[in-house]
$ cat data27.txt   # compact mmCIF, C-alpha atoms
# COMPACT_ATOMS: atom_id res chain seq x y z
CA MET B 1 8.38 14.74 15.57
CA SER B 2 5.00 15.73 14.29
CA SER B 3 2.07 14.04 12.63
CA PRO B 4 -0.95 15.28 10.67
CA GLU B 5 -3.70 16.75 12.78
CA GLY B 6 -6.95 15.03 13.72
CA THR B 7 -9.20 13.87 16.53
CA ARG B 8 -10.25 10.51 17.84
CA ALA B 9 -13.03 8.82 15.88
CA ALA B 10 -15.74 6.90 17.67
CA PRO B 11 -16.00 3.26 16.50
CA SER B 12 -18.99 2.66 14.28
CA THR B 13 -19.71 -0.86 15.43
CA PRO B 14 -18.41 -3.04 18.26
CA GLY B 15 -16.66 -6.36 17.83
CA ALA B 16 -14.18 -7.78 15.38
CA ALA B 17 -14.72 -5.03 12.83
CA VAL B 18 -13.30 -2.37 15.15
CA PRO B 19 -9.51 -2.10 15.55
CA PRO B 20 -8.46 -1.99 19.21
CA GLN B 21 -7.07 1.15 20.80
CA GLU B 22 -3.28 1.16 20.95
CA THR B 23 -1.06 1.99 23.89
CA ALA B 24 1.72 3.20 21.61
CA GLY B 25 1.99 4.89 18.25
CA THR B 26 -0.33 7.32 16.53
CA PRO B 27 -3.92 7.29 17.85
CA ALA B 28 -6.82 6.79 15.48
CA ARG B 29 -8.17 10.17 14.43
CA ARG B 30 -10.81 11.70 12.19
CA LEU B 31 -9.76 13.36 8.97
CA LEU B 32 -10.37 17.05 9.57
CA GLY B 33 -12.34 18.71 6.81
CA VAL B 34 -13.40 15.39 5.31
CA PRO B 35 -17.02 14.43 5.98
CA ARG B 36 -17.87 10.80 6.43
CA GLN B 37 -18.89 9.12 3.20
CA ARG B 38 -22.42 7.77 3.13
CA HIS B 39 -22.54 4.00 3.15
CA ARG B 40 -23.32 3.07 -0.43
CA THR B 41 -25.48 0.03 0.22
CA ARG B 42 -28.38 0.81 -2.08
CA THR B 43 -28.20 -0.73 -5.54
CA ALA B 44 -29.07 1.68 -8.31
CA PRO B 45 -31.78 0.59 -10.75
CA GLY B 46 -30.37 -1.65 -13.44
CA ALA B 47 -27.01 -1.95 -11.73
CA THR B 48 -25.14 -5.23 -11.60
CA ALA B 49 -25.68 -7.05 -8.31
CA ARG B 50 -22.72 -6.80 -5.98
CA ALA B 51 -20.73 -9.79 -4.76
CA ALA B 52 -21.88 -9.77 -1.15
CA ALA B 53 -24.11 -12.80 -0.69
CA PRO B 54 -22.71 -15.98 0.90
CA GLY B 55 -21.00 -18.07 -1.73
CA THR B 56 -20.37 -15.10 -4.03
CA GLY B 57 -18.50 -12.74 -1.70
CA THR B 58 -15.23 -10.88 -2.10
CA LEU B 59 -12.73 -11.41 0.70
CA ALA B 60 -9.57 -9.27 0.96
CA PHE B 61 -6.52 -9.86 3.16
CA VAL B 62 -4.31 -6.89 4.02
CA GLU B 63 -1.32 -6.42 6.32
CA SER B 64 -0.31 -2.83 5.56
CA PRO B 65 -2.01 0.54 5.02
CA VAL B 66 -0.89 0.68 1.37
CA GLN B 67 -2.49 -2.70 0.69
CA LEU B 68 -5.76 -1.52 2.23
CA LEU B 69 -5.64 1.70 0.19
CA ASN B 70 -5.21 -0.31 -3.00
CA VAL B 71 -8.10 -2.62 -2.07
CA LEU B 72 -10.28 0.52 -1.86
CA GLU B 73 -8.95 1.66 -5.24
CA TRP B 74 -9.70 -1.77 -6.72
CA ALA B 75 -13.24 -1.79 -5.29
CA HIS B 76 -13.83 1.70 -6.69
CA ALA B 77 -12.64 0.63 -10.14
CA ALA B 78 -14.74 -2.54 -9.97
CA SER B 79 -17.83 -0.46 -9.15
CA LEU B 80 -17.25 1.80 -12.13
CA GLU B 81 -16.75 -1.21 -14.39
CA ALA B 82 -19.94 -2.84 -13.12
CA THR B 83 -22.18 0.23 -13.33
CA GLY B 84 -20.66 2.06 -16.29
CA PRO B 85 -18.86 5.40 -16.52
CA GLU B 86 -22.11 7.32 -16.84
CA THR B 87 -22.74 6.79 -13.11
CA ALA B 88 -19.31 7.92 -12.01
CA GLY B 89 -20.14 11.57 -11.49
CA PRO B 90 -17.91 14.53 -12.32
CA GLU B 91 -15.36 13.84 -9.59
CA THR B 92 -14.05 10.72 -11.36
CA ALA B 93 -14.09 12.05 -14.89
CA GLY B 94 -10.32 12.26 -15.10
CA PRO B 95 -7.07 13.15 -13.32
CA ASP B 96 -7.74 16.88 -13.49
CA ALA B 97 -11.22 16.70 -11.96
CA ALA B 98 -11.18 17.35 -8.22
CA ALA B 99 -13.25 18.54 -5.30
CA PRO B 100 -12.68 21.90 -3.58
CA GLU B 101 -9.58 22.04 -1.41
CA GLY B 102 -9.83 20.12 1.88
CA THR B 103 -13.12 18.46 1.05
CA ALA B 104 -14.36 15.16 -0.28
CA PRO B 105 -17.26 14.70 -2.72
CA ASP B 106 -20.34 13.55 -0.83
CA GLY B 107 -23.49 13.03 -2.81
CA GLY B 108 -22.66 15.59 -5.50
CA GLY B 109 -23.46 13.18 -8.33
CA PRO B 110 -25.58 10.12 -9.00
CA GLU B 111 -25.26 7.56 -6.20
CA ARG B 112 -23.50 4.45 -7.42
CA PRO B 113 -23.32 1.08 -5.68
CA ALA B 114 -20.08 -0.03 -4.10
CA THR B 115 -18.44 -3.36 -4.80
CA GLU B 116 -18.74 -4.61 -1.26
CA VAL B 117 -15.68 -6.29 0.21
CA THR B 118 -15.05 -8.03 3.50
CA ILE B 119 -11.58 -6.74 4.38
CA VAL B 120 -9.61 -8.84 6.85
CA VAL B 121 -6.78 -6.94 8.52
CA LEU B 122 -4.06 -9.37 9.61
CA SER B 123 -2.71 -6.95 12.17
CA PRO B 124 1.06 -6.64 12.57
CA HIS B 125 2.96 -5.77 15.76
CA ASP B 126 4.45 -2.43 14.64
CA PRO B 127 2.55 0.44 16.34
CA MET B 128 2.95 2.88 13.44
CA THR B 129 1.61 0.36 10.95
CA ARG B 130 -1.30 -0.46 13.25
CA GLY B 131 -2.11 3.23 13.63
CA GLN B 132 -2.26 3.78 9.88
CA LEU B 133 -4.30 0.60 9.44
CA ARG B 134 -6.85 1.91 11.97
CA ARG B 135 -7.28 5.10 9.97
CA MET B 136 -7.60 3.20 6.70
CA ALA B 137 -10.10 0.80 8.30
CA GLU B 138 -12.22 3.83 9.24
CA LEU B 139 -12.21 5.01 5.63
CA ALA B 140 -13.07 1.52 4.40
CA ARG B 141 -16.10 1.35 6.72
CA ASP B 142 -17.18 4.80 5.53
CA GLU B 143 -17.16 3.39 1.98
CA GLY B 144 -19.58 0.64 3.03
CA HIS B 145 -17.13 -2.24 3.32
CA THR B 146 -16.92 -4.66 6.22
CA VAL B 147 -13.65 -4.58 8.15
CA ARG B 148 -12.65 -7.54 10.26
CA TRP B 149 -9.66 -6.86 12.51
CA GLU B 150 -7.66 -9.97 13.39
CA GLU B 151 -4.92 -10.02 16.04
CA ALA B 152 -3.24 -12.59 13.84
CA ARG B 153 0.11 -12.29 15.59
CA GLY B 154 -1.12 -11.87 19.16
CA GLY B 155 0.60 -14.87 20.74
CA PRO B 156 1.43 -18.49 19.92
CA THR B 157 -2.20 -19.57 19.56
CA ALA B 158 -3.28 -16.54 17.52
CA PRO B 159 -2.66 -18.12 14.09
CA LEU B 160 -4.83 -21.12 14.93
CA ARG B 161 -7.63 -18.89 16.23
CA THR B 162 -7.39 -16.62 13.19
CA ILE B 163 -7.38 -19.44 10.66
CA GLY B 164 -10.21 -21.23 12.45
CA GLY B 165 -12.35 -18.10 12.45
CA LEU B 166 -11.65 -17.33 8.79
CA THR B 167 -12.17 -20.83 7.39
CA PRO B 168 -15.96 -20.43 6.81
CA LEU B 169 -15.35 -17.15 4.95
CA LEU B 170 -12.59 -18.73 2.88
CA ARG B 171 -14.86 -21.59 1.86
CA ARG B 172 -17.71 -19.28 0.82
CA ALA B 173 -15.66 -16.66 -0.99
CA ARG B 174 -15.86 -16.50 -4.77
CA ARG B 175 -13.09 -13.92 -5.05
CA ILE B 176 -9.96 -13.45 -2.94
CA VAL B 177 -8.05 -10.15 -3.05
CA ILE B 178 -4.55 -10.08 -1.55
CA GLY B 179 -1.94 -7.39 -1.14
CA ASP B 180 1.18 -9.43 -0.37
CA PRO B 181 1.69 -12.75 -2.17
CA PHE B 182 5.05 -13.09 -0.37
CA SER B 183 3.37 -13.18 3.07
CA ARG B 184 3.52 -16.60 4.73
CA TYR B 185 0.21 -15.87 6.43
CA VAL B 186 -1.46 -15.11 3.08
CA GLN B 187 0.14 -18.15 1.46
CA LEU B 188 -1.28 -20.33 4.23
CA LEU B 189 -4.77 -18.84 3.78
CA LEU B 190 -4.62 -19.31 0.00
CA ALA B 191 -4.05 -23.02 0.59
CA LEU B 192 -7.44 -23.17 2.38
CA THR B 193 -9.62 -21.61 -0.30
CA GLY B 194 -10.97 -22.84 -3.57
CA ALA B 195 -12.09 -19.38 -4.73
CA PRO B 196 -12.07 -19.33 -8.54
CA ASP B 197 -11.08 -15.66 -8.82
CA LEU B 198 -7.84 -14.31 -7.31
CA VAL B 199 -6.75 -10.66 -7.50
CA VAL B 200 -3.40 -9.23 -6.40
CA VAL B 201 -3.35 -5.52 -5.58
CA ASP B 202 -0.17 -3.52 -5.11
CA ASP B 203 2.02 -3.91 -2.07
CA GLY B 204 4.35 -1.28 -3.45
CA THR B 205 7.30 -2.09 -5.67
CA ALA B 206 7.25 -5.71 -4.46
CA THR B 207 4.56 -6.24 -7.09
CA MET B 208 7.24 -5.84 -9.76
CA GLU B 209 9.27 -8.68 -8.29
CA PHE B 210 6.18 -10.84 -7.83
CA ILE B 211 5.25 -10.51 -11.50
CA SER B 212 8.82 -11.34 -12.56
CA GLN B 213 8.99 -14.43 -10.37
CA LEU B 214 5.54 -15.58 -11.46
CA ALA B 215 6.51 -15.24 -15.12
CA ARG B 216 9.72 -17.23 -14.57
CA GLY B 217 8.00 -19.91 -12.51
CA GLU B 218 10.22 -19.24 -9.49
CA ARG B 219 9.37 -19.59 -5.82
CA LEU B 220 8.16 -16.40 -4.18
CA VAL B 221 11.05 -14.64 -2.37
CA ARG B 222 11.24 -10.96 -1.39
CA TRP B 223 13.80 -9.02 -3.41
CA HIS B 224 15.81 -7.68 -0.44
CA ARG B 225 16.39 -11.08 1.17
CA SER B 226 20.10 -11.92 0.96
CA GLY B 227 21.62 -15.37 0.55
CA GLY B 228 20.29 -18.39 -1.25
CA GLY B 229 19.85 -20.68 1.74
CA ARG B 230 16.52 -21.68 3.21
CA GLY B 231 16.06 -21.74 6.95
CA ALA B 232 13.92 -24.06 9.03
CA ARG B 233 10.84 -21.82 8.78
CA ASP B 234 11.27 -21.63 4.99
CA LEU B 235 11.28 -25.41 4.80
CA VAL B 236 8.19 -25.69 7.02
CA PHE B 237 6.25 -23.22 4.89
CA ALA B 238 7.60 -24.48 1.57
CA PRO B 239 4.50 -26.61 0.77
CA PHE B 240 2.17 -23.65 1.43
CA SER B 241 4.36 -21.34 -0.66
CA ALA B 242 4.30 -23.83 -3.52
CA THR B 243 0.52 -24.14 -3.27
CA ALA B 244 0.12 -20.36 -3.26
CA ARG B 245 2.28 -20.04 -6.35
CA ARG B 246 0.19 -22.67 -8.13
CA ARG B 247 -3.02 -20.86 -7.11
CA LEU B 248 -1.59 -17.60 -8.42
CA THR B 249 -0.67 -19.19 -11.74
CA PRO B 250 -3.62 -18.93 -14.14
CA ARG B 251 -5.15 -22.06 -15.57
CA PRO B 252 -5.07 -22.59 -19.34
CA GLU B 253 -7.67 -20.65 -21.28
CA GLY B 254 -11.11 -21.94 -20.43
CA GLY B 255 -10.06 -23.03 -16.93
CA ARG B 256 -12.22 -22.37 -13.91
CA ARG B 257 -9.73 -20.16 -12.06
CA THR B 258 -8.78 -16.61 -13.05
CA VAL B 259 -5.91 -14.48 -11.78
CA GLY B 260 -5.79 -10.70 -11.97
CA VAL B 261 -3.33 -7.97 -10.99
CA PHE B 262 -4.46 -4.43 -10.13
CA SER B 263 -1.36 -2.26 -10.19
CA SER B 264 0.06 1.21 -10.68
CA MET B 265 3.53 -0.31 -11.17
CA PRO B 266 5.14 -0.62 -14.62
CA VAL B 267 4.51 -4.34 -15.03
CA GLU B 268 3.57 -6.58 -17.91
CA ALA B 269 1.30 -9.40 -16.88
CA PRO B 270 2.35 -12.97 -17.74
CA PRO B 271 0.13 -14.86 -20.21
CA GLY B 272 -3.27 -15.61 -18.74
CA VAL B 273 -3.08 -12.94 -16.01
CA ARG B 274 -5.55 -10.03 -16.29
CA LEU B 275 -3.88 -6.68 -15.69
CA ALA B 276 -5.88 -3.62 -14.64
CA ARG B 277 -4.19 -0.26 -14.13
CA ASN B 278 -4.61 1.60 -10.86
CA ASP B 279 -4.71 5.35 -11.52
CA PHE B 280 -5.76 6.31 -7.95
CA ALA B 281 -9.17 7.50 -9.09
CA TRP B 282 -10.69 6.90 -5.63
CA THR B 283 -7.99 8.96 -3.93
CA ARG B 284 -8.41 11.84 -6.37
CA ALA B 285 -12.20 11.72 -6.06
CA ARG B 286 -12.19 11.81 -2.26
CA PHE B 287 -9.38 14.23 -1.41
CA GLY B 288 -7.84 17.50 -2.57
CA PRO B 289 -6.56 19.15 -4.56
CA PRO B 290 -3.88 20.14 -2.03
CA ARG B 291 -2.47 23.54 -1.18
CA VAL B 292 1.07 23.67 -2.63
CA MET B 293 3.85 25.24 -0.54
CA GLY B 294 7.08 26.82 -1.76
CA ALA B 295 9.47 24.48 0.09
CA ALA B 296 10.28 20.92 -0.93
CA ASP B 297 9.47 17.70 0.96
CA ILE B 298 11.63 14.58 1.27
CA VAL B 299 10.11 11.11 1.49
CA GLY B 300 11.88 8.64 3.75
CA THR B 301 12.62 5.00 3.05
CA SER B 302 13.19 1.84 5.10
CA LEU B 303 16.21 0.75 3.02
CA VAL B 304 18.41 1.19 6.10
CA GLU B 305 16.07 -0.88 8.27
CA THR B 306 15.98 -3.71 5.72
CA GLY B 307 19.79 -3.82 5.65
CA VAL B 308 20.14 -2.63 2.06
CA VAL B 309 21.69 0.86 2.52
CA ASP B 310 24.32 2.04 4.99
CA ALA B 311 22.86 4.40 7.61
CA ASP B 312 25.67 7.00 7.52
CA ARG B 313 25.58 7.21 3.73
CA TYR B 314 21.79 7.56 3.82
CA LEU B 315 21.84 10.39 6.36
CA ALA B 316 24.51 12.22 4.35
CA ALA B 317 22.44 11.88 1.17
CA VAL B 318 19.31 13.22 2.87
CA GLY B 319 21.25 16.22 4.15
CA THR B 320 22.58 16.98 0.68
CA LEU B 321 19.11 16.69 -0.85
CA ALA B 322 17.66 19.02 1.78
CA ARG B 323 20.31 21.69 1.16
CA THR B 324 20.15 21.38 -2.63
CA HIS B 325 16.38 21.56 -2.98
CA GLY B 326 15.37 23.70 0.00
CA ALA B 327 13.48 20.94 1.80
CA THR B 328 11.97 21.60 5.23
CA ARG B 329 10.04 18.39 5.98
CA TYR B 330 10.92 14.70 6.00
CA PHE B 331 8.01 12.25 5.76
CA ALA B 332 9.20 9.18 7.61
CA HIS B 333 8.47 5.68 6.40
CA ARG B 334 6.37 3.80 8.94
CA ARG B 335 9.23 1.31 9.49
CA GLU B 336 11.98 3.84 10.09
CA GLY B 337 13.58 3.61 13.53
CA THR B 338 13.20 6.38 16.10
CA ASP B 339 16.94 6.61 16.82
CA LYS B 340 17.74 7.04 13.13
CA LEU B 341 15.09 9.75 12.77
CA HIS B 342 16.44 11.65 15.79
CA ARG B 343 19.91 11.52 14.23
CA LEU B 344 18.52 12.73 10.93
CA ALA B 345 16.64 15.64 12.52
CA GLY B 346 19.74 16.74 14.44
CA ALA B 347 22.03 16.52 11.42
CA THR B 348 19.73 18.15 8.84
CA GLY B 349 17.31 20.39 10.76
CA LEU B 350 14.40 18.82 8.88
CA GLU B 351 10.99 18.56 10.55
CA ILE B 352 10.26 14.85 10.90
CA VAL B 353 6.64 14.02 10.09
CA ARG B 354 5.15 10.65 11.02
CA PRO B 355 2.18 10.30 8.60
CA ASP B 356 -0.88 8.56 9.99
CA LEU B 357 -2.13 7.62 6.51
CA PRO B 358 -0.39 6.41 3.34
CA LEU B 359 1.57 9.23 1.73
CA GLU B 360 -0.68 9.27 -1.34
CA LEU B 361 -3.56 10.44 0.86
CA ILE B 362 -1.42 12.80 2.94
CA ALA B 363 -0.07 14.50 -0.19
CA ARG B 364 -3.48 14.69 -1.83
CA ARG B 365 -4.99 16.33 1.25
CA GLY B 366 -2.07 18.76 1.57
CA PRO B 367 -0.44 21.04 2.27
CA VAL B 368 2.41 19.59 0.22
CA GLY B 369 5.72 20.87 -1.10
CA ARG B 370 6.14 22.08 -4.68
CA LEU B 371 8.76 19.32 -5.09
CA ILE B 372 8.67 15.87 -3.48
CA VAL B 373 12.04 14.12 -3.45
CA SER B 374 12.23 10.38 -2.87
CA PHE B 375 14.69 7.55 -3.10
CA PRO B 376 13.64 4.53 -5.22
CA SER B 377 10.35 3.42 -3.69
CA THR B 378 6.69 2.91 -4.40
CA VAL B 379 5.83 6.62 -4.20
CA VAL B 380 7.82 7.55 -7.32
CA HIS B 381 5.18 5.56 -9.21
CA THR B 382 2.08 6.38 -7.16
CA LEU B 383 2.45 10.07 -6.25
CA PRO B 384 2.42 11.33 -9.88
CA LEU B 385 -0.92 9.52 -10.29
CA ALA B 386 -2.43 10.71 -7.01
CA LEU B 387 -1.25 14.30 -7.65
CA ALA B 388 -2.19 14.44 -11.33
CA GLY B 389 -3.49 17.85 -12.30
CA THR B 390 -1.61 19.69 -9.53
CA GLU B 391 1.56 21.78 -9.63
CA VAL B 392 3.57 19.28 -7.57
CA ARG B 393 6.64 17.67 -9.15
CA VAL B 394 8.12 14.37 -8.01
CA ALA B 395 11.85 13.63 -8.20
CA VAL B 396 13.74 10.40 -7.51
CA CYS B 397 17.35 10.17 -6.32
CA ASP B 398 19.34 7.18 -7.53
CA ILE B 399 21.06 4.89 -5.05
CA ASP B 400 24.85 4.89 -5.40
CA PRO B 401 26.20 1.29 -5.36
CA GLU B 402 28.67 2.45 -2.70
CA TRP B 403 25.78 3.08 -0.32
CA LEU B 404 24.83 -0.61 -0.24
CA THR B 405 25.81 -2.68 2.78
CA ALA B 406 27.85 -5.86 2.61
CA ASN B 407 24.69 -7.80 3.54
CA ALA B 408 22.55 -6.39 0.74
CA SER B 409 21.04 -8.90 -1.64
CA PRO B 410 22.93 -9.32 -4.94
CA ARG B 411 19.66 -8.35 -6.63
CA ALA B 412 19.31 -5.08 -4.70
CA GLN B 413 21.08 -2.68 -7.08
CA GLY B 414 19.36 -4.02 -10.18
CA PHE B 415 15.97 -3.92 -8.51
CA LEU B 416 16.42 -0.35 -7.26
CA ASP B 417 17.68 0.79 -10.65
CA GLY B 418 14.59 -0.77 -12.20
CA VAL B 419 12.30 1.07 -9.80
CA THR B 420 13.93 4.38 -10.73
CA GLY B 421 14.30 3.75 -14.44
CA THR B 422 10.68 2.75 -14.97
CA ALA B 423 9.14 5.66 -13.03
CA ARG B 424 6.96 7.88 -15.22
CA ASP B 425 6.51 11.65 -14.93
CA VAL B 426 9.33 12.08 -12.40
CA GLN B 427 12.57 14.06 -12.42
CA ARG B 428 15.73 11.93 -12.17
CA LEU B 429 18.39 13.07 -9.68
CA PRO B 430 21.61 11.15 -10.35
CA PHE B 431 23.88 10.35 -7.42
CA GLY B 432 27.44 11.65 -7.36
CA GLN B 433 30.53 11.59 -5.22
CA ARG B 434 29.47 14.79 -3.44
CA MET B 435 26.12 13.28 -2.48
CA ALA B 436 27.63 9.93 -1.53
CA THR B 437 30.00 11.58 0.91
CA GLY B 438 27.75 14.46 1.95
$ encode --input "data27.txt" --output "structure tokens"
Amino acid sequence: MSSPEGTRAAPSTPGAAVPPQETAGTPARRLLGVPRQRHRTRTAPGATARAAAPGTGTLAFVESPVQLLNVLEWAHAASLEATGPETAGPETAGPDAAAPEGTAPDGGGPERPATEVTIVVLSPHDPMTRGQLRRMAELARDEGHTVRWEEARGGPTAPLRTIGGLTPLLRRARRIVIGDPFSRYVQLLLALTGAPDLVVVDDGTATMEFISQLARGERLVRWHRSGGGRGARDLVFAPFSATARRRLTPRPEGGRRTVGVFSSMPVEAPPGVRLARNDFAWTRARFGPPRVMGAADIVGTSLVETGVVDADRYLAAVGTLARTHGATRYFAHRREGTDKLHRLAGATGLEIVRPDLPLELIARRGPVGRLIVSFPSTVVHTLPLALAGTEVRVAVCDIDPEWLTANASPRAQGFLDGVTGTARDVQRLPFGQRMATG
């Protein structure tokens, strides 16, 4: 298996803001060809003051690389809104504007202040996720944000230590930004803050289910969870989940709490919720455009790992897609198992790539295939935005109902169909008996 090239980056500051070195997984590495961004800490004349002082700060909680990427996108959009489009510079003028290949804009236009965010990484156990989070944390620090790395799951006493250390920040924060409203950890933290402004940024397609459940007044449950029962842990966390749902429900007009959603997903916000569209302007401004290759790429999914899709059916479908579209590389999802990937490589001959950054950044940096083929997932919505103005096409392959396992949630097929059917600017690849059987 391979992964994008790079070299180890030296930590910028010691202490909690620096993710620890891993003993497994992808090491933290510099982005080759991408100079460090200057810390944008100087406020331009006449610019709106940033929310950084105690009592007015912005505090973000992330548990995945995609969440951290979308916090950076949100902060970029908030800066442009605060300072006006005239300070954006040519690199953010639109989807077609881009820097020279392999570079990132660095001081080419008027300097604009950043919306400073204290980003708290609630670190998971998975080595691949931790590796990508380290790389994203490096980029966040380069943008001038503060990154606080919490070993939130590092033993039985870790949650108490984490919550105790974060309580002062939670009490001072005026705005809370979260990436996963379904997370029990985040729901617990939301119960400890009285911040009047809450913002939800994308955690992939789960945002679609969150919006639907919020609009219907339902309890927050991940779409792929099967069965209607509630275990002992669900019952213990039920009060915190209920509190989080109330906090994420906007007050009547004129109330003191506001709720916003920053999303690239095809969602319609419930009444009272502010919706801002994420068009990946930060990603396009910092990276690319990519070099486009003749072969196609396939994007992997964790639908097998979550128990939704049968492994044999999935491997057969990937093989058929590779033969049909001339694919040579398979970009593995960070949660895909090693044994499954070895099976896939042996059966299809595809080069397995373990990305060390979210795929939106990997594709924007390049090189990338002329066609990117994916199953229903977040990238069928985000890649067309990140790759706007390039020659790359994105295609999505439907999931045949026969591929679903007996343990798949009754909602699985409808949710996956919705992900595919609402994708914009993508080619639809219908399933068929030949693909289902390989």
$ atom_distance --input "data27.txt" --atom1 "atom CA of B:Gly272" --atom2 "atom CA of B:Ala215"
10.4 Å
$ closest_residue --input "data27.txt" --among "B:Gly57, B:Pro355, B:Pro239, B:Pro401" --to "B:His145" --atoms "only C-alpha atoms"
B:Gly57
$ atom_distance --input "data27.txt" --atom1 "atom CA of B:Phe375" --atom2 "atom CA of B:Pro358"
16.4 Å
$ closest_residue --input "data27.txt" --among "B:Ala206, B:Leu189, B:Asp180, B:Val308" --to "B:Gly165" --atoms "all atoms listed in the file"
B:Leu189
$ atom_distance --input "data27.txt" --atom1 "atom CA of B:Ala191" --atom2 "atom CA of B:Arg153"
18.9 Å
$ decode --input "data27.txt" --residues "stretch 397-416 of chain B" --atoms "N, CA and C atoms" --output "PDB file, in the first residue's frame"
ATOM      1  N   CYS B 397     -21.640   5.281  -8.079  1.00  0.00           N
ATOM      2  CA  CYS B 397     -22.245   3.983  -8.366  1.00  0.00           C
ATOM      3  C   CYS B 397     -23.305   3.677  -7.318  1.00  0.00           C
ATOM      4  N   ASP B 398     -24.520   3.404  -7.770  1.00  0.00           N
ATOM      5  CA  ASP B 398     -25.592   3.058  -6.842  1.00  0.00           C
ATOM      6  C   ASP B 398     -25.274   1.776  -6.077  1.00  0.00           C
ATOM      7  N   ILE B 399     -25.906   1.630  -4.926  1.00  0.00           N
ATOM      8  CA  ILE B 399     -25.803   0.415  -4.132  1.00  0.00           C
ATOM      9  C   ILE B 399     -27.017  -0.472  -4.430  1.00  0.00           C
ATOM     10  N   ASP B 400     -26.756  -1.676  -4.932  1.00  0.00           N
ATOM     11  CA  ASP B 400     -27.827  -2.631  -5.186  1.00  0.00           C
ATOM     12  C   ASP B 400     -28.390  -3.091  -3.839  1.00  0.00           C
ATOM     13  N   PRO B 401     -29.723  -3.130  -3.677  1.00  0.00           N
ATOM     14  CA  PRO B 401     -30.295  -3.624  -2.406  1.00  0.00           C
ATOM     15  C   PRO B 401     -29.798  -5.012  -2.028  1.00  0.00           C
ATOM     16  N   GLU B 402     -29.424  -5.833  -3.036  1.00  0.00           N
ATOM     17  CA  GLU B 402     -28.941  -7.171  -2.735  1.00  0.00           C
ATOM     18  C   GLU B 402     -27.567  -7.164  -2.068  1.00  0.00           C
ATOM     19  N   TRP B 403     -26.865  -6.046  -2.134  1.00  0.00           N
ATOM     20  CA  TRP B 403     -25.555  -5.976  -1.493  1.00  0.00           C
ATOM     21  C   TRP B 403     -25.668  -5.776   0.019  1.00  0.00           C
ATOM     22  N   LEU B 404     -26.819  -5.335   0.502  1.00  0.00           N
ATOM     23  CA  LEU B 404     -26.970  -5.028   1.918  1.00  0.00           C
ATOM     24  C   LEU B 404     -26.939  -6.300   2.759  1.00  0.00           C
ATOM     25  N   THR B 405     -26.377  -6.192   3.946  1.00  0.00           N
ATOM     26  CA  THR B 405     -26.337  -7.326   4.861  1.00  0.00           C
ATOM     27  C   THR B 405     -27.667  -7.457   5.604  1.00  0.00           C
ATOM     28  N   ALA B 406     -27.840  -8.595   6.241  1.00  0.00           N
ATOM     29  CA  ALA B 406     -29.057  -8.821   7.020  1.00  0.00           C
ATOM     30  C   ALA B 406     -29.127  -7.891   8.221  1.00  0.00           C
ATOM     31  N   ASN B 407     -27.967  -7.389   8.667  1.00  0.00           N
ATOM     32  CA  ASN B 407     -27.921  -6.508   9.844  1.00  0.00           C
ATOM     33  C   ASN B 407     -28.017  -5.026   9.495  1.00  0.00           C
ATOM     34  N   ALA B 408     -28.124  -4.701   8.225  1.00  0.00           N
ATOM     35  CA  ALA B 408     -28.193  -3.296   7.835  1.00  0.00           C
ATOM     36  C   ALA B 408     -29.456  -2.651   8.373  1.00  0.00           C
ATOM     37  N   SER B 409     -29.344  -1.390   8.732  1.00  0.00           N
ATOM     38  CA  SER B 409     -30.492  -0.646   9.234  1.00  0.00           C
ATOM     39  C   SER B 409     -31.587  -0.585   8.175  1.00  0.00           C
ATOM     40  N   PRO B 410     -32.861  -0.660   8.588  1.00  0.00           N
ATOM     41  CA  PRO B 410     -33.955  -0.518   7.612  1.00  0.00           C
ATOM     42  C   PRO B 410     -33.898   0.808   6.843  1.00  0.00           C
ATOM     43  N   ARG B 411     -33.239   1.794   7.424  1.00  0.00           N
ATOM     44  CA  ARG B 411     -33.140   3.096   6.764  1.00  0.00           C
ATOM     45  C   ARG B 411     -32.000   3.177   5.762  1.00  0.00           C
ATOM     46  N   ALA B 412     -31.141   2.137   5.718  1.00  0.00           N
ATOM     47  CA  ALA B 412     -29.896   2.229   4.953  1.00  0.00           C
ATOM     48  C   ALA B 412     -30.137   2.494   3.471  1.00  0.00           C
ATOM     49  N   GLN B 413     -31.002   1.687   2.817  1.00  0.00           N
ATOM     50  CA  GLN B 413     -31.178   1.838   1.379  1.00  0.00           C
ATOM     51  C   GLN B 413     -31.729   3.212   1.021  1.00  0.00           C
ATOM     52  N   GLY B 414     -32.723   3.663   1.773  1.00  0.00           N
ATOM     53  CA  GLY B 414     -33.292   4.983   1.485  1.00  0.00           C
ATOM     54  C   GLY B 414     -32.285   6.094   1.679  1.00  0.00           C
ATOM     55  N   PHE B 415     -31.465   5.974   2.731  1.00  0.00           N
ATOM     56  CA  PHE B 415     -30.460   7.003   2.969  1.00  0.00           C
ATOM     57  C   PHE B 415     -29.431   7.025   1.852  1.00  0.00           C
ATOM     58  N   LEU B 416     -28.936   5.848   1.452  1.00  0.00           N
ATOM     59  CA  LEU B 416     -27.927   5.784   0.396  1.00  0.00           C
ATOM     60  C   LEU B 416     -28.486   6.268  -0.931  1.00  0.00           C
TER      61      LEU B 416
END
